[in-house]
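Colleague: Next comes the structure file entry.csv, holding CSV, C-alpha atoms and all ligand atoms.
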```
chain,number,residue,atom,x,y,z
A,16,MET,CA,1.2,-12.8,16.0
A,17,VAL,CA,4.3,-12.2,14.0
A,18,THR,CA,7.1,-13.5,16.2
A,19,GLY,CA,10.8,-13.7,15.9
A,20,ALA,CA,13.9,-14.1,18.0
A,21,PRO,CA,14.4,-11.6,19.7
A,22,PRO,CA,10.8,-10.4,19.9
A,23,ILE,CA,9.8,-7.9,17.3
A,24,PRO,CA,8.6,-4.5,18.6
A,25,ARG,CA,5.2,-3.5,17.4
A,26,VAL,CA,2.6,-0.8,18.2
A,27,GLU,CA,-1.1,-1.5,17.4
A,28,LEU,CA,-2.2,1.2,15.0
A,29,ALA,CA,-4.4,-0.4,12.3
A,30,HIS,CA,-8.1,-1.0,12.7
A,31,ALA,CA,-8.0,-4.7,12.1
A,32,PRO,CA,-9.1,-7.3,11.2
A,33,THR,CA,-10.3,-5.6,8.1
A,34,PRO,CA,-13.5,-7.0,6.5
A,35,LEU,CA,-13.7,-9.3,3.5
A,36,LEU,CA,-16.5,-8.4,1.0
A,37,GLN,CA,-17.7,-10.2,-2.2
A,38,LEU,CA,-18.2,-8.0,-5.2
A,39,GLU,CA,-21.6,-9.4,-6.1
A,40,ARG,CA,-22.2,-7.8,-9.5
A,41,LEU,CA,-18.7,-8.1,-10.8
A,42,SER,CA,-18.5,-11.7,-9.7
A,43,GLU,CA,-21.7,-12.5,-11.6
A,44,GLU,CA,-20.4,-10.7,-14.7
A,45,LEU,CA,-17.1,-12.4,-14.7
A,46,GLY,CA,-18.2,-15.9,-13.6
A,47,VAL,CA,-15.6,-15.9,-10.9
A,48,GLU,CA,-15.9,-15.0,-7.2
A,49,VAL,CA,-14.1,-11.7,-6.7
A,50,TRP,CA,-13.7,-10.6,-3.1
A,51,VAL,CA,-12.0,-7.5,-1.6
A,52,LYS,CA,-10.0,-7.4,1.7
A,53,ARG,CA,-10.8,-3.9,2.8
A,54,ASP,CA,-7.4,-2.6,3.9
A,55,ASP,CA,-8.7,0.7,2.8
A,56,LEU,CA,-10.6,0.5,6.2
A,57,THR,CA,-7.5,0.2,8.4
A,58,GLY,CA,-8.3,3.7,9.6
A,59,LEU,CA,-9.7,7.0,8.4
A,60,VAL,CA,-6.7,9.3,8.0
A,61,GLU,CA,-4.6,6.2,8.4
A,62,THR,CA,-6.4,4.4,5.5
A,63,GLY,CA,-4.4,1.8,3.5
A,64,ASN,CA,-1.4,-0.5,3.7
A,65,LYS,CA,1.1,1.9,5.2
A,66,ILE,CA,-0.5,1.8,8.7
A,67,ARG,CA,0.2,-1.9,8.8
A,68,LYS,CA,3.8,-1.3,7.9
A,69,LEU,CA,4.1,1.5,10.5
A,70,GLU,CA,3.0,-0.8,13.3
A,71,PHE,CA,6.4,-2.4,13.0
A,72,LEU,CA,8.4,0.6,11.8
A,73,VAL,CA,7.1,2.8,14.6
A,74,GLY,CA,7.4,-0.1,17.0
A,75,GLU,CA,11.1,-0.1,16.2
A,76,ALA,CA,11.3,3.8,16.3
A,77,LEU,CA,9.8,3.8,19.8
A,78,ALA,CA,12.1,1.0,20.9
A,79,GLU,CA,15.0,3.3,19.8
A,80,ARG,CA,13.3,6.1,21.8
A,81,ALA,CA,12.9,8.2,18.6
A,82,ASP,CA,10.9,11.4,18.9
A,83,THR,CA,10.9,12.4,15.2
A,84,LEU,CA,9.7,10.3,12.2
A,85,ILE,CA,11.4,11.3,8.9
A,86,THR,CA,10.1,10.0,5.5
A,87,CYS,CA,9.8,11.0,1.9
A,88,GLY,CA,7.5,10.6,-1.0
A,89,THR,CA,5.6,12.3,-3.9
A,90,LEU,CA,3.4,15.3,-3.2
A,91,GLN,CA,0.4,12.9,-2.9
A,92,SER,CA,2.3,10.2,-1.0
A,93,ASN,CA,0.0,8.0,1.1
A,94,CYS,CA,3.0,6.9,3.2
A,95,CYS,CA,3.8,10.6,4.1
A,96,ARG,CA,0.2,11.3,5.1
A,97,THR,CA,0.0,8.1,7.2
A,98,VAL,CA,3.3,8.9,8.9
A,99,ALA,CA,1.9,12.4,9.7
A,100,ALA,CA,-1.2,10.8,11.2
A,101,VAL,CA,0.7,8.4,13.4
A,102,ALA,CA,3.1,11.0,14.6
A,103,ALA,CA,0.2,13.3,15.6
A,104,ARG,CA,-1.5,10.3,17.3
A,105,LEU,CA,1.7,9.4,19.3
A,106,GLY,CA,3.0,12.9,20.1
A,107,LEU,CA,6.0,12.6,17.8
A,108,ARG,CA,7.4,15.1,15.2
A,109,ALA,CA,7.0,14.3,11.5
A,110,ILE,CA,9.3,15.6,8.8
A,111,LEU,CA,8.4,14.8,5.1
A,112,ALA,CA,10.8,15.2,2.3
A,113,LEU,CA,8.7,15.8,-0.8
A,114,LYS,CA,9.5,15.2,-4.5
A,115,GLY,CA,8.8,18.8,-5.8
A,116,ALA,CA,7.5,22.0,-4.3
A,117,PRO,CA,4.1,21.9,-2.6
A,118,PRO,CA,1.4,23.7,-4.7
A,119,ALA,CA,0.0,27.0,-3.3
A,120,GLU,CA,-3.3,25.2,-2.7
A,121,LEU,CA,-2.8,22.1,-0.6
A,122,ASP,CA,-5.0,19.1,-1.5
A,123,GLY,CA,-5.6,15.4,-0.8
A,124,ASN,CA,-2.8,13.7,1.2
A,125,LEU,CA,-0.7,16.7,1.4
A,126,LEU,CA,-3.5,18.8,2.9
A,127,LEU,CA,-4.0,16.2,5.5
A,128,ALA,CA,-0.3,15.8,6.2
A,129,ARG,CA,-0.1,19.6,7.0
A,130,LEU,CA,-3.3,19.5,8.9
A,131,LEU,CA,-1.8,16.8,11.0
A,132,GLY,CA,1.2,19.0,11.7
A,133,ALA,CA,3.9,17.5,9.6
A,134,GLU,CA,6.8,19.7,8.6
A,135,LEU,CA,7.8,19.7,4.9
A,136,ARG,CA,11.1,19.8,3.0
A,137,SER,CA,10.7,20.1,-0.7
A,138,CYS,CA,13.3,18.4,-2.9
A,139,THR,CA,14.5,19.4,-6.4
A,140,ASP,CA,14.9,16.6,-9.0
A,141,ALA,CA,18.7,16.6,-8.2
A,142,GLU,CA,18.0,16.2,-4.5
A,143,TRP,CA,15.4,13.5,-5.1
A,144,ALA,CA,18.1,11.5,-7.0
A,145,ARG,CA,20.0,11.3,-3.8
A,146,ILE,CA,17.1,11.1,-1.4
A,147,ASP,CA,18.7,8.8,1.0
A,148,GLU,CA,21.4,11.4,1.7
A,149,VAL,CA,18.7,14.1,2.1
A,150,LEU,CA,17.0,11.9,4.7
A,151,GLU,CA,20.3,11.5,6.5
A,152,GLU,CA,20.9,15.2,6.4
A,153,LEU,CA,17.4,15.8,7.9
A,154,ALA,CA,18.2,13.2,10.6
A,155,ALA,CA,21.5,14.9,11.4
A,156,GLY,CA,19.7,18.2,11.8
A,157,VAL,CA,17.3,16.6,14.3
A,158,ARG,CA,20.2,15.1,16.2
A,159,ARG,CA,22.0,18.5,16.3
A,160,ARG,CA,19.0,19.9,18.1
A,161,GLY,CA,18.9,17.2,20.6
A,162,GLY,CA,16.2,15.0,19.0
A,163,THR,CA,16.2,11.3,18.1
A,164,PRO,CA,15.2,10.7,14.5
A,165,TYR,CA,13.9,7.5,12.9
A,166,VAL,CA,14.1,7.4,9.1
A,167,ILE,CA,11.5,5.6,7.1
A,168,PRO,CA,12.4,5.1,3.4
A,169,GLU,CA,9.8,5.8,0.7
A,170,SER,CA,6.7,3.5,0.9
A,171,GLY,CA,8.0,2.1,4.2
A,172,ALA,CA,10.0,-0.2,2.0
A,173,THR,CA,12.1,-2.1,4.5
A,174,VAL,CA,12.0,-5.6,5.9
A,175,THR,CA,10.5,-4.2,9.1
A,176,GLY,CA,7.7,-2.5,7.1
A,177,ALA,CA,7.0,-5.8,5.2
A,178,LEU,CA,6.2,-7.4,8.6
A,179,GLY,CA,2.9,-5.5,8.4
A,180,TYR,CA,1.8,-7.7,5.6
A,181,VAL,CA,3.0,-10.8,7.3
A,182,ALA,CA,0.5,-9.8,10.0
A,183,CYS,CA,-2.2,-9.1,7.3
A,184,GLY,CA,-1.6,-12.5,5.8
A,185,GLU,CA,-1.9,-14.1,9.3
A,186,GLU,CA,-5.2,-12.2,9.7
A,187,LEU,CA,-6.4,-13.5,6.4
A,188,ALA,CA,-5.5,-17.1,7.2
A,189,GLN,CA,-7.5,-16.7,10.4
A,190,GLN,CA,-10.5,-15.3,8.5
A,191,ILE,CA,-10.3,-18.3,6.2
A,192,ARG,CA,-10.1,-20.7,9.2
A,193,HIS,CA,-13.3,-19.0,10.5
A,194,GLY,CA,-15.3,-19.5,7.4
A,195,ALA,CA,-14.1,-17.0,4.7
A,196,PRO,CA,-13.5,-18.6,1.3
A,197,ASP,CA,-10.2,-20.4,0.8
A,198,PHE,CA,-9.1,-18.1,-2.0
A,199,ASP,CA,-7.2,-19.5,-4.9
A,200,THR,CA,-5.4,-16.2,-5.5
A,201,ILE,CA,-4.7,-13.1,-3.5
A,202,VAL,CA,-3.9,-10.1,-5.6
A,203,ILE,CA,-2.2,-7.0,-4.3
A,204,THR,CA,-0.9,-3.8,-5.7
A,205,ALA,CA,2.9,-3.6,-5.9
A,206,PHE,CA,5.0,-0.4,-5.8
A,207,SER,CA,8.1,-1.7,-4.1
A,208,GLY,CA,6.6,-5.2,-3.6
A,209,GLY,CA,7.1,-5.0,0.2
A,210,SER,CA,3.4,-5.8,0.9
A,211,GLN,CA,3.5,-8.7,-1.5
A,212,ALA,CA,6.7,-9.9,0.2
A,213,GLY,CA,4.8,-9.8,3.5
A,214,LEU,CA,1.9,-11.9,2.2
A,215,LEU,CA,4.3,-14.4,0.6
A,216,MET,CA,6.0,-14.9,4.0
A,217,ALA,CA,2.6,-15.3,5.7
A,218,LYS,CA,1.7,-17.9,3.1
A,219,GLN,CA,4.7,-20.0,4.4
A,220,LEU,CA,4.2,-19.1,8.0
A,221,TYR,CA,0.5,-19.4,8.4
A,222,GLY,CA,-0.5,-21.9,5.7
A,223,LEU,CA,-2.3,-19.6,3.3
A,224,ARG,CA,-3.1,-21.9,0.3
A,225,GLY,CA,-3.7,-19.2,-2.3
A,226,ASP,CA,-1.1,-17.9,-4.7
A,227,VAL,CA,0.0,-14.3,-3.9
A,228,VAL,CA,0.1,-12.3,-7.1
A,229,GLY,CA,1.4,-8.7,-7.3
A,230,VAL,CA,0.5,-6.1,-9.9
A,231,PRO,CA,3.4,-3.7,-10.4
A,232,ILE,CA,2.1,-0.1,-10.9
A,233,ALA,CA,5.4,1.7,-11.4
A,234,TRP,CA,8.6,-0.4,-11.4
A,235,GLU,CA,9.3,-3.0,-14.0
A,236,ALA,CA,8.6,-6.7,-13.1
A,237,ALA,CA,12.3,-7.7,-12.6
A,238,ARG,CA,12.9,-4.9,-10.1
A,239,VAL,CA,9.8,-5.9,-8.1
A,240,ARG,CA,10.8,-9.5,-8.1
A,241,ASP,CA,14.4,-8.6,-7.0
A,242,TYR,CA,13.0,-6.5,-4.1
A,243,VAL,CA,10.6,-9.2,-2.9
A,244,THR,CA,13.4,-11.8,-3.0
A,245,ARG,CA,15.7,-9.5,-1.1
A,246,ILE,CA,13.2,-8.6,1.6
A,247,ILE,CA,12.3,-12.3,2.3
A,248,GLY,CA,16.0,-13.1,2.6
A,249,GLU,CA,16.4,-10.2,5.0
A,250,ALA,CA,13.4,-11.3,7.1
A,251,ARG,CA,15.0,-14.7,7.5
A,252,ARG,CA,18.4,-13.3,8.5
A,253,ARG,CA,17.2,-10.3,10.7
A,254,TYR,CA,14.1,-11.8,12.3
A,255,ALA,CA,14.9,-15.5,12.1
A,256,LEU,CA,11.6,-16.1,10.3
A,257,PRO,CA,11.6,-19.6,8.7
A,258,VAL,CA,10.8,-18.2,5.2
A,259,GLU,CA,12.3,-18.5,1.8
A,260,ALA,CA,11.8,-16.5,-1.4
A,261,PRO,CA,9.7,-18.7,-3.7
A,262,ALA,CA,11.3,-19.8,-7.0
A,263,GLU,CA,8.5,-18.1,-8.9
A,264,ILE,CA,7.2,-14.7,-7.8
A,265,ARG,CA,3.9,-14.2,-9.6
A,266,LEU,CA,3.0,-10.8,-11.1
A,267,LEU,CA,0.4,-9.5,-13.4
A,268,ASP,CA,2.7,-7.4,-15.5
A,269,GLY,CA,2.0,-4.7,-18.1
A,270,TYR,CA,-0.3,-2.4,-16.1
A,271,GLN,CA,2.1,0.3,-15.0
A,272,GLY,CA,0.6,2.8,-17.4
A,273,ALA,CA,2.3,6.1,-16.9
A,274,GLY,CA,3.7,5.0,-13.5
A,275,ARG,CA,3.1,7.3,-10.6
A,276,GLY,CA,3.6,10.4,-12.7
A,277,GLU,CA,0.3,10.6,-14.5
A,278,VAL,CA,-3.2,9.3,-14.2
A,279,ARG,CA,-4.8,8.1,-17.5
A,280,THR,CA,-8.5,8.1,-18.4
A,281,GLU,CA,-8.4,4.2,-18.2
A,282,GLU,CA,-7.6,4.5,-14.5
A,283,LEU,CA,-10.3,7.0,-13.8
A,284,ASP,CA,-12.8,4.8,-15.7
A,285,THR,CA,-11.9,1.9,-13.4
A,286,VAL,CA,-12.4,4.1,-10.3
A,287,VAL,CA,-15.8,5.1,-11.6
A,288,ARG,CA,-16.8,1.6,-12.6
A,289,LEU,CA,-16.0,0.0,-9.2
A,290,ALA,CA,-17.6,3.0,-7.3
A,291,ARG,CA,-20.8,2.7,-9.3
A,292,THR,CA,-21.1,-1.1,-9.4
A,293,GLU,CA,-20.0,-2.0,-5.9
A,294,GLY,CA,-19.7,1.2,-3.9
A,295,ILE,CA,-16.0,0.8,-3.4
A,296,VAL,CA,-13.6,3.7,-4.1
A,297,LEU,CA,-10.1,3.0,-5.5
A,298,ASP,CA,-7.3,5.4,-5.7
A,299,PRO,CA,-6.2,6.5,-9.2
A,300,VAL,CA,-2.4,6.0,-8.8
A,301,TYR,CA,-2.1,2.6,-7.2
A,302,THR,CA,-5.1,0.4,-6.7
A,303,ALA,CA,-7.0,1.5,-9.8
A,304,LYS,CA,-4.1,0.3,-12.0
A,305,ALA,CA,-3.9,-3.0,-10.1
A,306,PHE,CA,-7.6,-3.6,-10.2
A,307,ALA,CA,-7.7,-2.7,-13.9
A,308,GLY,CA,-5.0,-5.3,-14.4
A,309,LEU,CA,-7.0,-7.9,-12.5
A,310,LEU,CA,-10.1,-7.2,-14.5
A,311,ASP,CA,-8.3,-7.3,-17.8
A,312,ARG,CA,-6.8,-10.7,-16.9
A,313,LEU,CA,-10.1,-12.1,-15.8
A,314,HIS,CA,-11.9,-10.8,-18.9
A,315,ARG,CA,-9.4,-12.5,-21.2
A,316,GLU,CA,-9.3,-15.7,-19.2
A,317,PRO,CA,-11.9,-15.9,-16.4
A,318,GLN,CA,-10.4,-19.0,-14.7
A,319,ALA,CA,-6.8,-17.8,-14.9
A,320,LEU,CA,-6.6,-17.1,-11.2
A,321,GLY,CA,-9.0,-19.9,-10.0
A,322,PRO,CA,-12.6,-19.7,-9.0
A,323,ARG,CA,-12.1,-17.4,-5.9
A,324,VAL,CA,-10.0,-14.4,-6.1
A,325,CYS,CA,-9.3,-11.8,-3.3
A,326,PHE,CA,-8.1,-8.3,-4.1
A,327,VAL,CA,-6.4,-6.6,-1.2
A,328,HIS,CA,-7.5,-2.9,-1.4
A,329,THR,CA,-4.5,-1.1,-0.1
A,330,GLY,CA,-6.2,2.3,0.3
A,331,GLY,CA,-5.1,5.7,-1.0
A,332,VAL,CA,-8.5,7.4,-1.5
A,333,PHE,CA,-7.3,10.9,-0.7
A,334,SER,CA,-5.2,11.1,-3.9
A,335,LEU,CA,-8.5,11.1,-5.8
A,336,PHE,CA,-9.3,14.7,-4.8
A,337,PRO,CA,-6.5,16.5,-6.7
A,338,PHE,CA,-8.0,14.9,-9.9
A,339,ARG,CA,-11.4,16.4,-9.2
A,340,ARG,CA,-11.5,18.3,-12.5
A,341,LEU,CA,-10.6,15.4,-14.7
A,342,LEU,CA,-12.9,13.0,-12.8
A,343,GLY,CA,-15.8,15.6,-12.6
A,344,ARG,CA,-15.8,15.8,-16.4
A,345,ARG,CA,-16.2,12.0,-16.7
A,346,LEU,CA,-19.1,12.0,-14.2
A,347,GLY,CA,-21.3,14.6,-15.8
A,348,GLY,CA,-23.9,16.6,-14.0
A,349,GLY,CA,-26.1,13.6,-12.9
A,350,LEU,CA,-29.3,15.6,-12.8
A,351,VAL,CA,-32.5,13.5,-12.8
A,352,GLU,CA,-34.9,14.2,-15.7
A,353,SER,CA,-38.4,14.7,-14.4
B,401,LIG,C1,-2.4,2.8,-2.0
B,401,LIG,C2,-1.2,2.1,-2.1
B,401,LIG,N1,-1.3,0.8,-2.5
B,401,LIG,C3,-0.2,0.0,-2.7
B,401,LIG,C4,1.1,0.5,-2.4
B,401,LIG,C5,2.3,-0.4,-2.7
B,401,LIG,O1,3.0,-0.8,-1.5
B,401,LIG,P1,4.3,-1.6,-1.6
B,401,LIG,O2,5.4,-0.6,-1.7
B,401,LIG,O3,4.4,-2.4,-0.4
B,401,LIG,O4,4.3,-2.5,-2.8
B,401,LIG,C6,1.2,1.8,-2.0
B,401,LIG,C7,2.5,2.4,-1.6
B,401,LIG,O5,3.4,2.8,-2.4
B,401,LIG,C8,0.1,2.6,-1.8
B,401,LIG,O6,0.1,3.9,-1.4
```
Would you kindly transcribe this structure into structure tokens?
Modeller:
Amino acid sequence: MVTGAPPIPRVELAHAPTPLLQLERLSEELGVEVWVKRDDLTGLVETGNKIRKLEFLVGEALAERADTLITCGTLQSNCCRTVAAVAARLGLRAILALKGAPPAELDGNLLLARLLGAELRSCTDAEWARIDEVLEELAAGVRRRGGTPYVIPESGATVTGALGYVACGEELAQQIRHGAPDFDTIVITAFSGGSQAGLLMAKQLYGLRGDVVGVPIAWEAARVRDYVTRIIGEARRRYALPVEAPAEIRLLDGYQGAGRGEVRTEELDTVVRLARTEGIVLDPVYTAKAFAGLLDRLHREPQALGPRVCFVHTGGVFSLFPFRRLLGRRLGGGLVES
């Protein structure tokens, strides 16, 4: 249990503990044990890492008696979809500020967010460049109508959100104590690096032995490292957690591809490969890039991350569907020849 002084508000939302699963065929091929922590199973519409962050963010929102959650993201934002799901589950209002105008035909995460009743505000590029102000304007509008807003920045990227991955790391440490492999390395996708920061704190708090390695999928390495360092410092100050930013924040760098703007065929190939060899579906924007980075590292130097590696699957499957055409072309018809 993540504790601090004063006590940290939390609502239980994630289906946890999430399972650990060895990738049998891939491990044999690489000569290294590769495992997955299935944080894509933290829920159905709540799949992924955001629901863990929201346990603490929404805990704080409820402690402040908020009735409206406001957040922002890309049109296929996993965070926006998860906020919409949590709001519907708890009887709150959700307002999502989106980068761009929603397409005529809703799909993937955005379709679910609307299904779950979230209200949308589309932002031009100029508005997106000052998104914090836009979120504040939306919050002011809610207040004017007598509501109480709680603003969640993109990706739940705050120190409070990162506590979700302190809890995930605590859970992993418990699984290891109960017989799961004592992983040498724990690899996680990094957009902001908040989830990685959480695991790094858990390493110090709960005695995880393994190195925690992030794979940046959009930001450059220096920006991720700065963010991780800042968040750990804030956790120490705000929540009195006895943690310190490590001198070295390990990243597998160079796998950002086209960032979050575009999905390349390499990413889709990774999605297809893992689906067909192990029955696990990655998302094309975040986890496929990170997993491709992990595979590349292990192909070039199989023992680089030690004999037992755990990849934290942070979810995001719904953003696969808007790529149905591109993906469909790679899959072919699949008809059996008789
Ligand atoms: C599926 C998925 N994985 C990983 C991340 C990265 O999370 P973080 O911002 O904590 O690095 C995100 C969020 O942006 C995500 O949607």
Colleague: As a ChimeraX atom specification, please: every protein or nucleic acid residue near ligand LIG 401 (chain B) (cut-off 6 Å, counting only C-alpha atoms and all ligand atoms).
Modeller: /A:63,93,170,172,204-210,301-302,329-331
Colleague: To one decimal place, how far is atom CA of A:Leu346 from atom CA of A:Ser334 in Å?
Modeller: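 Between atom CA of A:Leu346 and atom CA of A:Ser334 the gap works out to 17.3 Å.
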Colleague: Pull the neighbourhood of (-14.3, 1.3, -17.6) for me: all residues within 12 Å in file coordinates, counting all atoms listed in the file, as a list in words.
Modeller: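 Taken together, the residues in range are Arg279, Thr280, Glu281, Glu282, Leu283, Asp284, Thr285, Val286, Val287, Arg288, Leu289, Ala290, Arg291, Thr292, Ala303, Lys304, Phe306, Ala307, Gly308, Leu310, Asp311 and Arg345 of chain A.
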Colleague: What is the atom CA of A:Leu35 to atom CA of A:Lys52 distance in Å?
Modeller: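 Separating atom CA of A:Leu35 from atom CA of A:Lys52 is a distance of 4.5 Å.
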Colleague: Between A:Gly225, A:Gly276, A:Pro257, A:Pro168, which one has atoms that come closest to A:Gln91, using all atoms listed in the file?
Modeller: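 That would be A:Gly276, the residue with the smallest distance to A:Gln91.
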Colleague: Any idea what's packed within 8 Å of A:Pro32, counting all atoms listed in the file, ignoring anything in its chain fewer than 2 positions away? Could you give it as a ChimeraX atom specification?
Modeller: /A:30,34,186
Colleague: Please provide as number ranges by chain all residues within 12 Å of stretch 142-145 of chain A, with the sequence filter that same-chain residues fewer than 3 positions apart are discarded (counting all atoms listed in the file).
Modeller: A: 87-89, 112-116, 136-139, 148-152, 169
Colleague: Restrict the selected residues to C-alpha atoms and save them as a compact mmCIF listing (two decimals), in the coordinates of the input.
Modeller:
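Just written: selection.txt:
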```
# COMPACT_ATOMS: atom_id res chain seq x y z
CA CYS A 87 9.80 11.00 1.90
CA GLY A 88 7.50 10.60 -1.00
CA THR A 89 5.60 12.30 -3.90
CA ALA A 112 10.80 15.20 2.30
CA LEU A 113 8.70 15.80 -0.80
CA LYS A 114 9.50 15.20 -4.50
CA GLY A 115 8.80 18.80 -5.80
CA ALA A 116 7.50 22.00 -4.30
CA ARG A 136 11.10 19.80 3.00
CA SER A 137 10.70 20.10 -0.70
CA CYS A 138 13.30 18.40 -2.90
CA THR A 139 14.50 19.40 -6.40
CA GLU A 148 21.40 11.40 1.70
CA VAL A 149 18.70 14.10 2.10
CA LEU A 150 17.00 11.90 4.70
CA GLU A 151 20.30 11.50 6.50
CA GLU A 152 20.90 15.20 6.40
CA GLU A 169 9.80 5.80 0.70
```
Colleague: Using only C-alpha atoms, pick whichever of A:Gly229, A:Gly156, A:Gly162, A:Gly213 has the shortest atom-to-atom distance to A:Val181.
Modeller: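 Result for the nearest residue to A:Val181: A:Gly213.
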